[in-house]
Structure formats: C-alpha cells, structure tokens
>>> print(open('upload15.pdb').read())   # PDB, C-alpha atoms
ATOM      1  CA  MET M   1       0.675   8.939 -80.686
ATOM      2  CA  ALA M   2      -0.855   7.359 -77.594
ATOM      3  CA  GLU M   3      -0.002   3.791 -76.609
ATOM      4  CA  ARG M   4      -2.591   1.219 -77.715
ATOM      5  CA  LEU M   5      -3.913  -0.632 -74.722
ATOM      6  CA  THR M   6      -5.424  -4.115 -74.701
ATOM      7  CA  GLY M   7      -7.212  -6.385 -72.249
ATOM      8  CA  ASP M   8      -9.576  -5.656 -69.384
ATOM      9  CA  TYR M   9      -9.807  -1.895 -68.759
ATOM     10  CA  ARG M  10      -9.665  -2.485 -64.983
ATOM     11  CA  LYS M  11      -6.035  -3.593 -65.114
ATOM     12  CA  TYR M  12      -5.156   0.038 -65.871
ATOM     13  CA  SER M  13      -6.793   1.295 -62.666
ATOM     14  CA  ASP M  14      -4.591   2.323 -59.789
ATOM     15  CA  LYS M  15      -5.396  -0.577 -57.473
ATOM     16  CA  LYS M  16      -2.917  -1.488 -54.738
ATOM     17  CA  TYR M  17      -3.684  -5.214 -54.700
ATOM     18  CA  LEU M  18      -3.835  -7.945 -57.320
ATOM     19  CA  TYR M  19      -7.227  -8.623 -58.936
ATOM     20  CA  HIS M  20      -8.249 -11.326 -61.387
ATOM     21  CA  TRP M  21      -8.096  -8.905 -64.313
ATOM     22  CA  ASP M  22      -4.378  -8.393 -63.643
ATOM     23  CA  LEU M  23      -3.636 -12.066 -64.406
ATOM     24  CA  PRO M  24      -3.027 -13.527 -67.865
ATOM     25  CA  GLU M  25      -6.313 -14.754 -69.339
ATOM     26  CA  ASP M  26      -5.381 -18.286 -70.351
ATOM     27  CA  GLU M  27      -2.336 -19.217 -68.303
ATOM     28  CA  ASP M  28      -1.113 -19.340 -64.727
ATOM     29  CA  LEU M  29       0.910 -16.523 -63.219
ATOM     30  CA  ILE M  30       3.886 -18.088 -61.420
ATOM     31  CA  VAL M  31       5.109 -15.973 -58.493
ATOM     32  CA  THR M  32       7.616 -16.348 -55.661
ATOM     33  CA  ILE M  33       6.490 -15.328 -52.170
ATOM     34  CA  ASP M  34       8.825 -12.668 -50.760
ATOM     35  CA  HIS M  35       7.032 -12.001 -47.479
ATOM     36  CA  ILE M  36       3.598 -12.047 -45.865
ATOM     37  CA  GLY M  37       2.059  -9.056 -44.155
ATOM     38  CA  TYR M  38      -1.045  -8.461 -42.075
ATOM     39  CA  GLU M  39      -2.753  -5.365 -43.454
ATOM     40  CA  LYS M  40      -5.956  -3.452 -42.880
ATOM     41  CA  LEU M  41      -8.083  -3.454 -46.044
ATOM     42  CA  GLU M  42     -11.194  -1.370 -46.575
ATOM     43  CA  ASN M  43     -14.359  -2.878 -47.978
ATOM     44  CA  LYS M  44     -15.924   0.174 -49.607
ATOM     45  CA  LYS M  45     -19.082  -1.749 -50.489
ATOM     46  CA  LYS M  46     -19.738  -2.693 -46.838
ATOM     47  CA  GLY M  47     -18.123   0.418 -45.348
ATOM     48  CA  THR M  48     -15.902  -1.695 -43.095
ATOM     49  CA  ALA M  49     -12.222  -2.482 -42.646
ATOM     50  CA  GLU M  50     -10.702  -5.883 -42.004
ATOM     51  CA  GLN M  51      -7.223  -7.221 -41.238
ATOM     52  CA  LYS M  52      -6.064  -9.693 -43.891
ATOM     53  CA  LEU M  53      -2.955 -11.653 -44.765
ATOM     54  CA  VAL M  54      -1.269 -10.179 -47.829
ATOM     55  CA  LEU M  55       1.303 -11.980 -49.974
ATOM     56  CA  HIS M  56       4.122  -9.872 -51.417
ATOM     57  CA  PHE M  57       6.123 -11.296 -54.302
ATOM     58  CA  VAL M  58       9.730 -11.256 -55.490
ATOM     59  CA  GLU M  59       8.519 -10.527 -59.015
ATOM     60  CA  ASP M  60       7.207  -7.096 -60.017
ATOM     61  CA  VAL M  61       3.584  -8.036 -59.259
ATOM     62  CA  LYS M  62       1.066  -6.313 -56.989
ATOM     63  CA  PRO M  63       0.523  -7.995 -53.603
ATOM     64  CA  LEU M  64      -2.354 -10.469 -53.185
ATOM     65  CA  ALA M  65      -4.796 -10.070 -50.290
ATOM     66  CA  LEU M  66      -5.842 -13.521 -49.114
ATOM     67  CA  ASN M  67      -9.382 -14.521 -48.308
ATOM     68  CA  LYS M  68      -9.976 -16.320 -45.016
ATOM     69  CA  LYS M  69      -9.910 -19.975 -46.079
ATOM     70  CA  GLU M  70      -9.830 -20.833 -49.782
ATOM     71  CA  ASN M  71      -6.443 -19.530 -50.961
ATOM     72  CA  PRO M  72      -4.594 -20.140 -47.660
ATOM     73  CA  SER M  73      -5.736 -23.774 -47.728
ATOM     74  CA  ARG M  74      -4.649 -24.052 -51.364
ATOM     75  CA  ILE M  75      -1.208 -22.594 -50.539
ATOM     76  CA  THR M  76      -0.927 -25.067 -47.658
ATOM     77  CA  ALA M  77      -1.711 -27.936 -50.055
ATOM     78  CA  ALA M  78       0.758 -26.677 -52.684
ATOM     79  CA  LEU M  79       3.629 -26.024 -50.277
ATOM     80  CA  GLY M  80       3.009 -28.752 -47.715
ATOM     81  CA  SER M  81       2.829 -26.431 -44.709
ATOM     82  CA  SER M  82       0.321 -24.107 -43.033
ATOM     83  CA  LEU M  83       3.163 -22.109 -41.442
ATOM     84  CA  ILE M  84       3.533 -18.792 -43.248
ATOM     85  CA  GLU M  85       7.274 -18.703 -42.527
ATOM     86  CA  ASP M  86       7.544 -21.868 -44.655
ATOM     87  CA  TRP M  87       5.872 -20.075 -47.584
ATOM     88  CA  VAL M  88       8.625 -17.458 -47.974
ATOM     89  CA  GLY M  89      10.789 -18.084 -51.032
ATOM     90  CA  LYS M  90       8.350 -20.632 -52.455
ATOM     91  CA  ARG M  91       6.644 -20.432 -55.839
ATOM     92  CA  ILE M  92       2.895 -20.680 -56.349
ATOM     93  CA  ALA M  93       0.679 -20.600 -59.422
ATOM     94  CA  LEU M  94      -2.202 -18.104 -59.562
ATOM     95  CA  TYR M  95      -5.099 -18.429 -62.001
ATOM     96  CA  VAL M  96      -8.534 -16.963 -62.699
ATOM     97  CA  ALA M  97     -11.434 -19.155 -61.581
ATOM     98  CA  ASP M  98     -15.193 -18.864 -61.858
ATOM     99  CA  GLU M  99     -16.562 -17.825 -58.469
ATOM    100  CA  ASP M 100     -20.269 -17.419 -57.752
ATOM    101  CA  ARG M 101     -19.676 -15.374 -54.598
ATOM    102  CA  SER M 102     -17.719 -12.595 -56.317
ATOM    103  CA  ASP M 103     -19.317  -9.488 -57.790
ATOM    104  CA  ASP M 104     -18.338 -10.306 -61.374
ATOM    105  CA  GLY M 105     -18.132 -14.101 -61.197
ATOM    106  CA  LYS M 106     -14.306 -14.345 -61.200
ATOM    107  CA  ALA M 107     -11.636 -14.687 -58.527
ATOM    108  CA  ILE M 108      -7.928 -15.369 -58.146
ATOM    109  CA  ARG M 109      -7.170 -18.886 -56.981
ATOM    110  CA  VAL M 110      -3.936 -20.686 -56.093
ATOM    111  CA  ARG M 111      -3.196 -24.065 -57.673
ATOM    112  CA  ARG M 112      -3.081 -26.897 -55.119
ATOM    113  CA  THR M 113       0.276 -28.040 -56.506
ATOM    114  CA  ALA M 114       3.483 -26.008 -56.603
ATOM    115  CA  PRO M 115       4.783 -25.182 -60.084
ATOM    116  CA  LYS M 116       7.790 -27.165 -61.246
ATOM    117  CA  ILE M 117      10.793 -25.692 -62.994
ATOM    118  CA  GLU M 118      11.783 -27.912 -65.889
ATOM    119  CA  LYS M 119      14.900 -26.032 -67.013
ATOM    120  CA  ALA M 120      16.442 -22.926 -65.588
ATOM    121  CA  PHE M 121      19.548 -20.954 -66.457
ATOM    122  CA  CYS M 122      21.739 -18.795 -64.242
ATOM    123  CA  ASP M 123      21.282 -15.051 -64.785
ATOM    124  CA  GLU M 124      25.007 -14.495 -64.179
ATOM    125  CA  CYS M 125      27.001 -17.318 -65.773
ATOM    126  CA  GLY M 126      24.352 -18.544 -68.223
ATOM    127  CA  GLN M 127      24.806 -22.210 -67.300
ATOM    128  CA  GLU M 128      21.837 -24.538 -66.884
ATOM    129  CA  ILE M 129      21.011 -24.930 -63.200
ATOM    130  CA  THR M 130      21.352 -28.498 -61.972
ATOM    131  CA  PRO M 131      20.508 -30.124 -58.615
ATOM    132  CA  HIS M 132      23.146 -29.877 -55.881
ATOM    133  CA  GLY M 133      23.104 -32.439 -53.064
ATOM    134  CA  ASP M 134      19.623 -32.402 -51.521
ATOM    135  CA  PHE M 135      18.715 -29.178 -53.365
ATOM    136  CA  SER M 136      16.508 -29.572 -56.455
ATOM    137  CA  VAL M 137      16.598 -27.109 -59.347
ATOM    138  CA  ASN M 138      13.291 -25.706 -58.085
ATOM    139  CA  LYS M 139      14.702 -25.180 -54.571
ATOM    140  CA  ILE M 140      17.922 -23.530 -55.845
ATOM    141  CA  VAL M 141      16.003 -21.136 -58.092
ATOM    142  CA  THR M 142      13.438 -20.333 -55.403
ATOM    143  CA  MET M 143      16.126 -19.611 -52.804
ATOM    144  CA  SER M 144      18.249 -17.458 -55.128
ATOM    145  CA  LYS M 145      15.235 -15.425 -56.272
ATOM    146  CA  ALA M 146      14.124 -14.880 -52.693
ATOM    147  CA  LYS M 147      17.576 -13.884 -51.432
ATOM    148  CA  TYR M 148      19.249 -12.222 -54.433
ATOM    149  CA  LYS M 149      16.268 -11.377 -56.683
ATOM    150  CA  LYS M 150      17.966 -13.379 -59.474
ATOM    151  CA  CYS M 151      17.882 -16.878 -60.876
ATOM    152  CA  LEU M 152      21.312 -18.177 -59.844
ATOM    153  CA  CYS M 153      23.045 -21.533 -60.037
ATOM    154  CA  TRP M 154      24.530 -23.051 -56.880
ATOM    155  CA  ASP M 155      28.052 -21.726 -57.540
ATOM    156  CA  CYS M 156      26.944 -18.153 -58.283
ATOM    157  CA  SER M 157      24.661 -18.192 -55.204
ATOM    158  CA  MET M 158      27.625 -19.268 -53.063
ATOM    159  CA  LYS M 159      29.755 -16.429 -54.490
ATOM    160  CA  HIS M 160      27.059 -13.933 -53.432
ATOM    161  CA  LYS M 161      26.793 -15.578 -50.027
ATOM    162  CA  GLU M 162      30.569 -15.398 -49.474
ATOM    163  CA  ALA M 163      30.547 -11.742 -50.551
ATOM    164  CA  GLY M 164      27.832 -11.037 -47.966
ATOM    165  CA  ASP M 165      25.333  -9.832 -50.572
ATOM    166  CA  VAL M 166      21.713  -9.526 -49.547
ATOM    167  CA  GLU M 167      20.408  -8.695 -53.008
ATOM    168  CA  GLY M 168      22.505  -9.153 -56.109
TER     169      GLY M 168
END
>>> encode(input="upload15.pdb", output="structure tokens")
Amino acid sequence: MAERLTGDYRKYSDKKYLYHWDLPEDEDLIVTIDHIGYEKLENKKKGTAEQKLVLHFVEDVKPLALNKKENPSRITAALGSSLIEDWVGKRIALYVADEDRSDDGKAIRVRRTAPKIEKAFCDECGQEITPHGDFSVNKIVTMSKAKYKKCLCWDCSMKHKEAGDVEG
C-alpha cells in the first residue's frame, strides 16, 4: 500500500531550495545556520541567473536562498550583526508570511528576534544543559550543534574538544 501524503503537494517536488510550502503551516521552523554560500540561481520565469546568498543549516533542512534585503535585514536584527561570519552557529526562526510580490502570495520570512531555548538536554549524558560562565544555554546548544551536530552540555562538548572531534 502506498504511503498517504498530506499537506501542500509542492513540498513533494524535487526542489533544491527551501520554499514556503516546506515550512510547518502554523508554527516557526527553528534552524541553526551551518554556513553561508554564494550561489548562482536560475530564474526560469525571467530566463536569467543571479548570484544569491544561500543559508545552509545544521538540521536536515533544504538551504534557503536569501532575497536582497528583507531576510538579510531580519537576520541582522535577530542576531545583532550584519557580518555573515557572525551568523554561523546561530539559530533563527523561519515562518510563512503573506507577501504581495510573490507569485502565490506567500514567502518565507525570518523573525526579527532570535529564538530562545527554554530547556535543553544533552544528547549524550541526558542532563539538563545549564549556563556555564558567560555562556548561556542558547549559546552552548548553538555552538555544540554547529560543531558536533548534537545538543551537548558544556562537559560533553569539552570531552569532544579534548578528543579533537570535529563532528560527534
């Protein structure tokens, strides 16, 4: 028997980049920026190609091609920096917004505030992650996900660091 599919049919298309139909309908998608690329994207409608910034994520989510101003300015507001090197390892919240300029009236937008982690638990030892010195829970989780692809407490992160691990 075939799998029963649900949601917008377009999310089952083989698109390389993230589109609004890939996001949850009524909640934010929280993602961690892994790296930023500069990629050539084709505009089939206009028959042109354009270089764009593309966000790649730690989580198993398609990359997001950024528009020229709106989402980069929102990321800058959320993360407190316009320097793309400062965005790496940081979490942002994506959501679906009404957008008159898009073909179907919807677009992906970035919240102007960074998502907060209320409680987090270490993927290795199971303990609740707590602040360490100047490092908040959010910062510890963001750094461990960016470096080791896991949610790790301070002690487990240090064990990986001492072992010379790049990804846990």
>>> resolve_selection(input="upload15.pdb", expression="the PyMOL selection byres ((chain M and resi 70) around 12)", output="VMD selection string")
chain M and resid 65 to 69 71 to 77 99 107 to 112
>>> atom_distance(input="upload15.pdb", atom1="CA of Pro131 (chain M)", atom2="CA of Ile36 (chain M)")
27.8 Å
>>> atom_distance(input="upload15.pdb", atom1="CA of Ser136 (chain M)", atom2="CA of Asp26 (chain M)")
28.3 Å
>>> atom_distance(input="upload15.pdb", atom1="CA of Val31 (chain M)", atom2="CA of Leu18 (chain M)")
12.1 Å
>>> residues_around(input="upload15.pdb", residues="Gln51 (chain M)", least_positions_apart="3", cutoff="10 Å", atoms="all atoms listed in the file", output="ChimeraX atom specification")
/M:37-42,54,65
>>> resolve_selection(input="upload15.pdb", expression="the PyMOL selection byres ((chain M and resi 56) around 12)", output="short mmCIF file (atom, residue, chain, number, x, y, z; two decimals) with C-alpha atoms, in the coordinates of the input")
data_model
loop_
_atom_site.label_atom_id
_atom_site.label_comp_id
_atom_site.auth_asym_id
_atom_site.auth_seq_id
_atom_site.Cartn_x
_atom_site.Cartn_y
_atom_site.Cartn_z
CA LYS M 16 -2.92 -1.49 -54.74
CA TYR M 17 -3.68 -5.21 -54.70
CA LEU M 18 -3.84 -7.94 -57.32
CA VAL M 31 5.11 -15.97 -58.49
CA THR M 32 7.62 -16.35 -55.66
CA ILE M 33 6.49 -15.33 -52.17
CA ASP M 34 8.82 -12.67 -50.76
CA HIS M 35 7.03 -12.00 -47.48
CA ILE M 36 3.60 -12.05 -45.86
CA GLY M 37 2.06 -9.06 -44.16
CA TYR M 38 -1.04 -8.46 -42.08
CA GLU M 39 -2.75 -5.36 -43.45
CA LEU M 53 -2.96 -11.65 -44.76
CA VAL M 54 -1.27 -10.18 -47.83
CA LEU M 55 1.30 -11.98 -49.97
CA PHE M 57 6.12 -11.30 -54.30
CA VAL M 58 9.73 -11.26 -55.49
CA GLU M 59 8.52 -10.53 -59.02
CA ASP M 60 7.21 -7.10 -60.02
CA VAL M 61 3.58 -8.04 -59.26
CA LYS M 62 1.07 -6.31 -56.99
CA PRO M 63 0.52 -8.00 -53.60
CA LEU M 64 -2.35 -10.47 -53.18
CA ALA M 65 -4.80 -10.07 -50.29
CA LEU M 66 -5.84 -13.52 -49.11
CA TRP M 87 5.87 -20.08 -47.58
CA VAL M 88 8.62 -17.46 -47.97
CA GLY M 89 10.79 -18.08 -51.03
CA LYS M 90 8.35 -20.63 -52.46
CA ARG M 91 6.64 -20.43 -55.84
CA ILE M 92 2.90 -20.68 -56.35
CA ALA M 146 14.12 -14.88 -52.69
#
>>> closest_residue(input="upload15.pdb", among="M:Met143, M:Ser157, M:Arg4, M:Asp28", to="Tyr95 (chain M)", atoms="only C-alpha atoms")
M:Asp28
>>> closest_residue(input="upload15.pdb", among="M:Lys46, M:Lys116, M:Cys122, M:Gly105", to="Lys145 (chain M)", atoms="only C-alpha atoms")
M:Cys122
>>> residues_around(input="upload15.pdb", residues="Lys159 (chain M)", least_positions_apart="5", cutoff="12 Å", atoms="only C-alpha atoms", output="list in words")
Glu124, Cys125, Ser144, Tyr148, Leu152, Cys153, Trp154, Gly164, Asp165, Val166 and Gly168 of chain M
>>> closest_residue(input="upload15.pdb", among="M:Ile30, M:Ala49, M:Leu23, M:Ile140", to="Pro115 (chain M)", atoms="all atoms listed in the file")
M:Ile30
